[in-house]
Structure formats: structure tokens, C-alpha cells
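Shown here: protein_5.tsv, TSV, C-alpha atoms.
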```tsv
chain	number	residue	atom	x	y	z
L	1	MET	CA	0.00	0.00	0.00
L	2	GLU	CA	2.82	2.38	0.88
L	3	ARG	CA	4.50	1.64	-2.43
L	4	LEU	CA	1.28	2.47	-4.27
L	5	ILE	CA	1.04	5.81	-2.46
L	6	GLU	CA	4.61	6.60	-3.49
L	7	TYR	CA	3.77	5.89	-7.13
L	8	LEU	CA	0.68	8.06	-6.90
L	9	SER	CA	2.65	10.90	-5.30
L	10	LEU	CA	5.17	10.75	-8.15
L	11	ILE	CA	2.37	10.96	-10.70
L	12	ALA	CA	0.80	13.80	-8.72
L	13	ILE	CA	3.95	15.93	-8.62
L	14	ALA	CA	4.51	15.25	-12.32
L	15	SER	CA	1.01	16.53	-13.06
L	16	THR	CA	1.88	19.95	-11.63
L	17	PHE	CA	4.17	20.74	-14.56
L	18	LEU	CA	1.10	21.54	-16.66
L	19	PRO	CA	-0.39	24.27	-14.43
L	20	TYR	CA	3.10	25.53	-13.65
L	21	TRP	CA	3.86	26.03	-17.33
L	22	ARG	CA	0.52	27.77	-17.85
L	23	ALA	CA	1.32	30.12	-14.96
L	24	ARG	CA	3.98	31.70	-17.16
L	25	THR	CA	1.32	33.74	-18.94
L	26	ALA	CA	0.41	35.39	-15.63
L	27	VAL	CA	3.97	36.60	-14.96
L	28	GLN	CA	5.53	37.10	-18.39
L	29	GLN	CA	4.83	40.86	-18.33
L	30	THR	CA	6.18	41.24	-14.81
L	31	THR	CA	9.49	40.97	-12.99
L	32	LEU	CA	8.25	37.70	-11.47
L	33	ILE	CA	9.46	35.79	-14.52
L	34	SER	CA	12.78	35.19	-12.74
L	35	ALA	CA	11.00	33.60	-9.77
L	36	TRP	CA	9.00	31.44	-12.20
L	37	ARG	CA	12.22	30.16	-13.79
L	38	TRP	CA	13.72	29.28	-10.43
L	39	GLY	CA	10.54	27.42	-9.57
L	40	GLY	CA	10.75	25.42	-12.78
L	41	VAL	CA	14.28	24.28	-11.92
L	42	GLY	CA	13.25	23.42	-8.37
L	43	LEU	CA	10.20	21.46	-9.49
L	44	THR	CA	12.32	19.46	-11.95
L	45	VAL	CA	14.86	18.53	-9.27
L	46	TRP	CA	12.03	17.66	-6.86
L	47	MET	CA	10.58	15.34	-9.47
L	48	ALA	CA	14.00	13.71	-9.93
L	49	ALA	CA	14.38	13.25	-6.17
L	50	ALA	CA	10.92	11.68	-5.86
L	51	ALA	CA	11.69	9.34	-8.76
L	52	GLY	CA	15.04	8.45	-7.24
L	53	GLN	CA	13.40	7.70	-3.92
L	54	LEU	CA	11.13	5.24	-5.71
L	55	PHE	CA	13.42	3.60	-8.26
L	56	ALA	CA	17.06	4.11	-7.16
L	57	ALA	CA	19.00	1.17	-5.79
L	58	ASP	CA	20.21	1.19	-2.19
L	59	SER	CA	23.73	1.85	-3.41
L	60	HIS	CA	22.57	5.19	-4.83
L	61	ARG	CA	20.76	6.29	-1.68
L	62	GLY	CA	23.36	8.97	-1.00
L	63	ILE	CA	22.71	10.62	-4.36
L	64	VAL	CA	18.97	10.61	-3.65
L	65	GLN	CA	19.61	12.31	-0.28
L	66	LEU	CA	21.54	15.10	-1.99
L	67	PHE	CA	18.84	15.50	-4.65
L	68	TRP	CA	16.21	15.97	-1.94
L	69	TYR	CA	18.26	18.66	-0.25
L	70	ALA	CA	18.93	20.39	-3.58
L	71	ALA	CA	15.20	20.31	-4.35
L	72	ALA	CA	14.39	21.92	-0.98
L	73	LEU	CA	16.90	24.71	-1.63
L	74	LEU	CA	15.81	25.37	-5.21
L	75	MET	CA	12.08	25.38	-4.38
L	76	LEU	CA	12.74	28.19	-1.89
L	77	CYS	CA	14.51	30.31	-4.51
L	78	PRO	CA	11.28	31.64	-6.11
L	79	ALA	CA	10.16	33.18	-2.81
L	80	ILE	CA	13.59	34.79	-2.38
L	81	ALA	CA	13.53	36.04	-5.98
L	82	VAL	CA	10.18	37.77	-5.39
L	83	LEU	CA	11.75	39.88	-2.63
L	84	GLY	CA	14.08	41.38	-5.25
L	85	ALA	CA	11.52	41.67	-8.06
L	86	GLN	CA	11.97	45.38	-8.65
L	87	ARG	CA	13.61	46.96	-11.68
L	88	PRO	CA	16.55	47.38	-12.07
L	89	VAL	CA	17.46	45.32	-8.97
L	90	THR	CA	15.86	42.18	-10.38
L	91	ARG	CA	18.61	41.97	-13.03
L	92	VAL	CA	21.28	41.26	-10.42
L	93	TRP	CA	19.24	39.85	-7.53
L	94	SER	CA	19.72	36.26	-8.64
L	95	TRP	CA	23.49	36.75	-8.83
L	96	PHE	CA	24.00	38.59	-5.55
L	97	ILE	CA	21.23	37.16	-3.34
L	98	VAL	CA	19.76	33.92	-4.67
L	99	LEU	CA	23.03	32.29	-5.74
L	100	PRO	CA	24.80	33.24	-2.47
L	101	PHE	CA	21.87	31.65	-0.62
L	102	LEU	CA	22.42	28.45	-2.60
L	103	LEU	CA	26.17	28.58	-1.94
L	104	VAL	CA	25.82	29.15	1.82
L	105	PHE	CA	23.17	26.50	2.38
L	106	GLY	CA	24.58	24.16	-0.24
L	107	TRP	CA	28.08	24.17	1.23
L	108	PRO	CA	27.33	21.54	3.92
L	109	ALA	CA	26.19	19.16	1.18
L	110	ALA	CA	29.24	19.89	-0.97
L	111	ALA	CA	31.60	19.47	1.99
L	112	THR	CA	30.19	16.07	2.95
L	113	VAL	CA	29.34	14.70	-0.49
L	114	SER	CA	31.85	11.82	-0.34
L	115	GLN	CA	30.65	10.82	3.13
L	116	THR	CA	27.01	11.01	2.03
L	117	LEU	CA	27.68	8.84	-1.00
L	118	ALA	CA	29.55	6.32	1.15
L	119	ASN	CA	26.99	5.83	3.94
L	120	GLY	CA	23.83	6.96	2.12
L	121	GLN	CA	22.91	9.48	4.80
L	122	PHE	CA	23.02	13.28	4.69
L	123	LEU	CA	23.03	15.18	7.97
L	124	LEU	CA	22.75	18.92	8.43
L	125	GLN	CA	23.86	20.80	11.52
L	126	THR	CA	20.84	21.96	13.51
L	127	PRO	CA	21.75	25.71	13.27
L	128	MET	CA	21.65	25.38	9.48
L	129	VAL	CA	18.22	23.79	9.69
L	130	VAL	CA	17.03	26.63	11.92
L	131	GLY	CA	18.49	29.17	9.47
L	132	TYR	CA	16.74	27.46	6.58
L	133	ALA	CA	13.45	27.53	8.49
L	134	PHE	CA	13.93	31.25	9.07
L	135	VAL	CA	14.37	31.86	5.33
L	136	VAL	CA	11.25	29.77	4.63
L	137	VAL	CA	9.21	31.92	7.00
L	138	MET	CA	10.67	35.15	5.61
L	139	GLY	CA	10.13	34.20	1.97
L	140	LEU	CA	6.78	32.42	2.01
L	141	GLY	CA	5.39	34.56	4.80
L	142	ASN	CA	5.30	37.31	2.19
L	143	TYR	CA	2.09	35.74	0.83
L	144	LEU	CA	0.17	35.49	4.08
L	145	GLY	CA	-3.00	37.54	3.74
L	146	THR	CA	-3.21	37.11	-0.04
L	147	ARG	CA	-5.32	34.59	-1.92
L	148	PHE	CA	-2.17	32.43	-2.13
L	149	THR	CA	-1.98	32.04	1.66
L	150	LEU	CA	-2.89	28.35	1.61
L	151	ALA	CA	-0.45	27.60	-1.22
L	152	ALA	CA	2.35	29.39	0.64
L	153	ALA	CA	1.59	27.52	3.89
L	154	LEU	CA	1.54	24.15	2.12
L	155	THR	CA	4.81	24.92	0.33
L	156	ALA	CA	6.45	25.98	3.59
L	157	GLY	CA	5.30	22.74	5.19
L	158	ALA	CA	6.67	20.72	2.27
L	159	LEU	CA	10.10	22.36	2.44
L	160	LEU	CA	10.40	21.95	6.20
L	161	LEU	CA	9.35	18.30	5.99
L	162	VAL	CA	12.24	17.65	3.59
L	163	VAL	CA	14.94	19.49	5.55
L	164	ALA	CA	13.96	18.95	9.20
L	165	PRO	CA	14.69	15.17	9.23
L	166	THR	CA	18.27	15.86	8.08
L	167	ALA	CA	19.09	17.77	11.29
L	168	THR	CA	21.68	16.27	13.62
L	169	ALA	CA	19.24	16.87	16.47
L	170	GLU	CA	16.38	14.39	16.62
L	171	PHE	CA	12.81	15.64	16.32
L	172	SER	CA	10.87	12.76	17.84
L	173	TRP	CA	7.54	14.14	16.68
L	174	LEU	CA	8.53	13.86	13.01
L	175	PRO	CA	7.57	10.77	10.96
L	176	GLU	CA	10.31	8.68	9.37
L	177	THR	CA	12.40	10.47	6.75
L	178	ASP	CA	10.82	8.64	3.80
L	179	HIS	CA	7.34	9.40	5.11
L	180	CYS	CA	8.28	13.07	5.55
L	181	ARG	CA	9.32	13.27	1.93
L	182	LEU	CA	6.16	11.55	0.79
L	183	LEU	CA	4.07	14.03	2.76
L	184	ALA	CA	6.20	16.89	1.44
L	185	THR	CA	5.53	15.83	-2.15
L	186	LEU	CA	1.79	15.65	-1.50
L	187	PHE	CA	1.88	19.07	0.20
L	188	LEU	CA	3.75	20.63	-2.70
L	189	THR	CA	1.38	19.05	-5.22
L	190	ALA	CA	-1.62	20.46	-3.36
L	191	ALA	CA	0.08	23.87	-3.11
L	192	LEU	CA	0.76	24.12	-6.84
L	193	TRP	CA	-2.71	23.00	-7.87
L	194	TRP	CA	-4.33	25.36	-5.38
L	195	ALA	CA	-2.15	28.22	-6.64
L	196	ALA	CA	-3.23	27.41	-10.19
L	197	HIS	CA	-6.86	27.56	-9.07
L	198	ALA	CA	-6.32	30.84	-7.19
L	199	THR	CA	-4.62	32.41	-10.21
L	200	ARG	CA	-8.04	32.65	-11.87
L	201	PRO	CA	-9.78	35.22	-9.66
L	202	THR	CA	-13.55	35.32	-9.50
L	203	TYR	CA	-13.97	38.35	-7.26
L	204	ALA	CA	-15.88	41.50	-8.24
L	205	VAL	CA	-14.44	45.00	-7.85
L	206	ARG	CA	-16.06	48.38	-7.31
L	207	VAL	CA	-13.75	50.23	-9.72
L	208	PRO	CA	-11.31	48.79	-12.31
L	209	LEU	CA	-8.32	50.21	-10.43
L	210	ASP	CA	-9.10	47.83	-7.58
L	211	ARG	CA	-8.36	44.93	-9.89
L	212	VAL	CA	-4.90	46.31	-10.71
L	213	TRP	CA	-4.08	46.74	-7.04
L	214	ILE	CA	-5.42	43.38	-5.84
L	215	GLU	CA	-3.56	41.48	-8.57
L	216	PHE	CA	-0.33	43.29	-7.72
L	217	ARG	CA	-0.83	42.64	-4.00
L	218	ASP	CA	-1.49	38.93	-4.46
L	219	GLN	CA	1.23	38.28	-7.02
L	220	PHE	CA	4.03	40.26	-5.37
L	221	GLY	CA	3.04	39.71	-1.75
L	222	ILE	CA	2.67	41.87	1.31
L	223	VAL	CA	6.25	43.20	1.47
L	224	TRP	CA	6.14	45.03	-1.85
L	225	SER	CA	2.45	45.89	-1.48
L	226	LYS	CA	3.05	47.70	1.80
L	227	ARG	CA	5.88	49.78	0.31
L	228	VAL	CA	3.90	50.71	-2.79
L	229	LEU	CA	0.78	51.38	-0.71
L	230	ASP	CA	2.57	53.86	1.56
L	231	ARG	CA	4.07	55.77	-1.36
L	232	LEU	CA	0.80	55.79	-3.30
L	233	ASN	CA	-1.13	57.27	-0.39
L	234	LEU	CA	1.56	59.90	0.18
L	235	MET	CA	1.23	60.91	-3.46
L	236	ALA	CA	-2.57	61.00	-3.15
L	237	GLN	CA	-2.23	63.22	-0.09
L	238	GLY	CA	0.18	65.51	-1.94
L	239	ASP	CA	-2.27	65.77	-4.84
L	240	GLN	CA	-5.02	66.61	-2.33
L	241	LEU	CA	-7.18	63.69	-3.43
L	242	SER	CA	-10.06	62.49	-1.32
L	243	LEU	CA	-9.12	58.92	-2.24
L	244	ARG	CA	-6.70	56.50	-0.61
L	245	MET	CA	-5.67	52.97	-1.42
L	246	SER	CA	-6.19	50.25	1.18
L	247	LEU	CA	-5.10	46.63	1.06
L	248	ILE	CA	-8.47	45.74	-0.48
L	249	GLY	CA	-8.81	48.61	-2.96
L	250	VAL	CA	-9.73	52.26	-3.41
L	251	THR	CA	-11.43	53.95	-0.49
L	252	SER	CA	-12.29	57.52	0.49
L	253	VAL	CA	-10.62	59.55	3.22
L	254	ASP	CA	-13.88	59.89	5.15
L	255	ASN	CA	-14.86	56.23	4.47
L	256	SER	CA	-18.02	57.30	2.67
L	257	ASP	CA	-19.79	54.99	0.23
L	258	ALA	CA	-20.03	57.66	-2.47
L	259	PRO	CA	-18.50	56.50	-5.78
L	260	PRO	CA	-15.15	58.18	-6.56
L	261	THR	CA	-15.06	60.78	-9.29
L	262	THR	CA	-13.51	60.00	-12.66
L	263	THR	CA	-10.98	62.82	-12.25
L	264	GLU	CA	-9.65	61.55	-8.94
L	265	LEU	CA	-9.54	57.95	-10.16
L	266	ALA	CA	-7.52	59.07	-13.18
L	267	ALA	CA	-5.07	60.90	-10.92
L	268	MET	CA	-4.64	57.84	-8.70
L	269	GLU	CA	-4.23	55.62	-11.74
L	270	ARG	CA	-1.39	57.82	-13.02
L	271	SER	CA	0.36	57.58	-9.67
L	272	LEU	CA	-0.11	53.82	-9.46
L	273	ARG	CA	1.18	53.34	-13.01
L	274	TRP	CA	4.28	55.35	-12.13
L	275	LEU	CA	4.95	53.27	-9.02
L	276	LEU	CA	4.31	49.92	-10.70
L	277	ARG	CA	6.58	50.63	-13.66
L	278	ARG	CA	9.40	48.94	-11.70
L	279	PHE	CA	7.41	45.73	-11.39
L	280	VAL	CA	5.11	45.28	-14.38
L	281	ASP	CA	4.72	46.37	-17.99
L	282	GLU	CA	2.09	48.85	-19.11
L	283	ALA	CA	0.37	46.04	-20.99
L	284	TRP	CA	-0.09	44.14	-17.71
L	285	ILE	CA	-1.82	47.15	-16.13
L	286	ASP	CA	-4.02	47.67	-19.20
L	287	ARG	CA	-5.08	44.03	-19.11
L	288	GLN	CA	-6.04	44.21	-15.44
L	289	LEU	CA	-8.03	47.38	-16.08
L	290	ARG	CA	-9.96	45.65	-18.88
L	291	LEU	CA	-10.72	42.70	-16.63
L	292	GLY	CA	-11.67	45.13	-13.87
L	293	ASN	CA	-14.10	46.87	-16.20
L	294	ASP	CA	-15.79	43.55	-16.94
L	295	SER	CA	-15.92	42.67	-13.25
L	296	SER	CA	-17.25	46.01	-12.07
L	297	ALA	CA	-19.83	45.99	-14.85
```

As C-alpha cells, what does this structure read like?
Amino acid sequence: MERLIEYLSLIAIASTFLPYWRARTAVQQTTLISAWRWGGVGLTVWMAAAAGQLFAADSHRGIVQLFWYAAALLMLCPAIAVLGAQRPVTRVWSWFIVLPFLLVFGWPAAATVSQTLANGQFLLQTPMVVGYAFVVVMGLGNYLGTRFTLAAALTAGALLLVVAPTATAEFSWLPETDHCRLLATLFLTAALWWAAHATRPTYAVRVPLDRVWIEFRDQFGIVWSKRVLDRLNLMAQGDQLSLRMSLIGVTSVDNSDAPPTTTELAAMERSLRWLLRRFVDEAWIDRQLRLGNDSSA
């Protein structure tokens, strides 16, 4: 029965390549394309690790251990890449932040590769595991409060289930290592399919500009949203507008339910376009406005 579940989990993780490839259309006019590429590499290595777990001989167990650790590192890279998804920083972020992350956390594996291949077991010092967990929380916590909250939580759980059993300290509450990896694969599969479902929003908006803001908030996360939100409202205050932007869309200073005027909406749209130019193309904003028009209608 356990063997059957492992086969099904391998098929399940393989099935996520389809929605992941389709997700490219949602980010191709944004700076998130770099994060998408990192995710594609990570998903491929994860698939290889899951296949190795199922089919590799006992003599190759050490290689499988290293593949699992590499998959856990690479699947965290997209979340780190998002934190640098601002032009022109995004051009060098992978070189100066993401790759150093891989070098620092990959060094223990590189330093013990011969030992791992010999005894088929990879162990990671507990401080490194704690550091990895901190990066997981920092990176994926960026999506808490967005419609990708569940996907982020499931992904975080999957990554921690892969890395935690490698710690030199024993966590008695954890299942066996193989079971942790099986659960991690199922968690990641559920996360990717849920994210694919959440990518197709069905919410209605009051004004089209709300759609632009909500899509930016959910795709780039709370860190960038908070920075853009603060600057946008400062610009609105400087322009003496009676409108402000909240985390859920356009609102008035006095919280009235009166519809905003076309003039003030146009002024806020100009400011938002100027702020988002570092993250998305004009065509992306125009598309969200069109979809917002359909939704508000």
C-alpha cells in the first residue's frame, strides 16, 4: 500500500508541470518571470528526487539524499527572488542574493558529499536547519494575507518536511524520513494545484483600479504591497485627493460609500502606473483594467 502511495505521489507531482507552465502567462509581463524560472528548476529537481526515492537502488541512496536537499533549496529560490523583483534590482538579484543563498546552504552538502555517497545518509547541523526555516518563513510569509496564503503555507510545510529530518538533532515528533518526503511531495502538489486555481480570480471589484491593485498585491506579496501602498497614499495626499488605497482597494478619506469621481480615479491611476513601472509592464496594467471593467460591470 505504501508503495502504491509513493507511485501516486510521483504521478501527482509530475502533473503539476502543466499548471506551472501555464502560470507563465500570468507573470511574463512582470518581474516575477525570474521567480517562475527558479521554480521550474526546483520542481524538476524535486521530481528527480521523488523518482530516485522510488526507483534508485540502495547503493545510490546517498545521491537521492543530496537531490532531496537540492530540491528543498531550489524550491525556496522563487520566494527569495520575489523579494528582489523590482527593476533594475531584479537583473542582479539572482546573482547577488539567490546564488549566495544556494552557496551558503549548499556548502554543507558539498563538503560532505563523499561521506554522504559512502553511507547513504546526509546530515545537516541543527543551526543550518534553523536558518533554513527562518528563510522559509521570511520568503513564504510574504504571501500570508493574499489569496495564495494556503499555497504558501503548504509549500512551507513541504520544504520543512524535507529538511527537518536531516538535522543532527532528533525531532521525535517527526515521521520517518521517507514518510516526511512523501508528505512533502503531496503538500507541494496540493500547493501548486491550489495556486493554479487561485490564479483565476472570480472576485468582483467596485472600480477597475481595484483589480490592478489586488492582482499586484497577491502576485508580489505583502512586502512590496506595503511599500507601494505607503508611497501611493503619500502621493494622493500631496495631490489633495479624497481617495486613498487600502489593502483591499480604493477607499475615500472619510470612508463614505459615495462612488469616486472620474478625475480623482484618473489621478490615482497615473500615480499607481508610475509606481508599478518597476514591477510590471504597461500592458499588464491595461489588461487588469480591462478585466476590472468587466468585473465592475

Have a look at atom CA of Thr31 of chain L and atom CA of Ala133 of chain L and let me know their distance in Å, one decimal. 25.6 Å

Nearest to Gly292 of chain L among L:Pro78, L:Gly106, L:Pro165, L:Pro208, with distances taken over all atoms listed in the file: which residue is it?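 That would be L:Pro208, the residue with the smallest distance to Gly292 of chain L.
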
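As for atom CA of Leu73 of chain L and atom CA of Gly145 of chain L, they are spaced 24.3 Å apart.
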
Which residue out of L:Val280, L:Pro127, L:Phe187, L:Ala198 has the minimum interatomic distance to Ala164 of chain L when all atoms listed in the file are used?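 Using all atoms listed in the file, Ala164 of chain L sits closest to L:Pro127.
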
Grab the atom CA of Tyr132 of chain L to atom CA of Val162 of chain L distance for me, in Å with one decimal place.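 We find that atom CA of Tyr132 of chain L and atom CA of Val162 of chain L lie 11.2 Å from each other.
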
Could you make a table, as CSV, of the residues of segment 160-222 of chain L that have an atom within 12 Å of an atom of segment 245-253 of chain L, each with its nearest atom pair and distance in Å to one decimal, counting only C-alpha atoms, in chain and number order?
```
residue,atom,partner,partner_atom,distance
L:Tyr203,CA,L:Ile248,CA,11.4
L:Ala204,CA,L:Gly249,CA,11.3
L:Val205,CA,L:Gly249,CA,8.3
L:Arg206,CA,L:Val250,CA,8.4
L:Val207,CA,L:Val250,CA,7.8
L:Pro208,CA,L:Gly249,CA,9.7
L:Leu209,CA,L:Val250,CA,7.4
L:Asp210,CA,L:Gly249,CA,4.7
L:Arg211,CA,L:Gly249,CA,7.9
L:Val212,CA,L:Gly249,CA,9.0
L:Trp213,CA,L:Gly249,CA,6.5
L:Ile214,CA,L:Ile248,CA,6.6
L:Glu215,CA,L:Ile248,CA,10.4
L:Phe216,CA,L:Leu247,CA,10.5
L:Arg217,CA,L:Leu247,CA,7.7
L:Asp218,CA,L:Leu247,CA,10.1
L:Gly221,CA,L:Leu247,CA,11.0
L:Ile222,CA,L:Leu247,CA,9.1
```

Nearest residue to Met138 of chain L from the set L:Ala153, L:Leu275, L:Asp254, L:Arg181 (distances using all atoms listed in the file):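 Selected residue with least distance to Met138 of chain L: L:Ala153.
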
Would you mind telling me which residue in L:Leu18, L:Leu43, L:Ala167, L:Leu291 lies nearest to Pro201 of chain L when using only C-alpha atoms? L:Leu291

Looking at only C-alpha atoms, which of L:Ser242, L:Ser256, L:Gln121, L:Thr146 is the one that sits closest to Asp58 of chain L? L:Gln121

Excluding same-chain residues fewer than 5 positions from Thr199 of chain L, what lies within 9 Å of it counting all atoms listed in the file, as a PyMOL selection string? chain L and resi 23+26+147-148+194+219

Fewer than 4 positions away in the same chain doesn't count, so skip those; otherwise give me all residues within 9 Å of Ala35 of chain L, counting all atoms listed in the file, as JSON, numbers by chain. {"L": [31, 39, 40, 77, 78, 79, 80, 81, 82, 85]}

Return the single residue from L:Arg278, L:Phe55, L:Ala258, L:Thr16 that is closest to Arg3 of chain L, with distances computed using all atoms listed in the file.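 Distance minimum relative to Arg3 of chain L lands on L:Phe55.
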
Skipping near chain neighbours, those fewer than 4 positions away, what residues fall within 12 Å of Thr25 of chain L using all atoms listed in the file, listed as a PyMOL selection string? chain L and resi 19-21+29-30+32-33+36+196+199-200+284

Write out as a VMD selection string which residues come within 12 Å of Val104 of chain L when counting all atoms listed in the file, dropping same-chain ones fewer than 6 positions away. chain L and resid 73 97 to 98 110 to 111 128 131 to 132
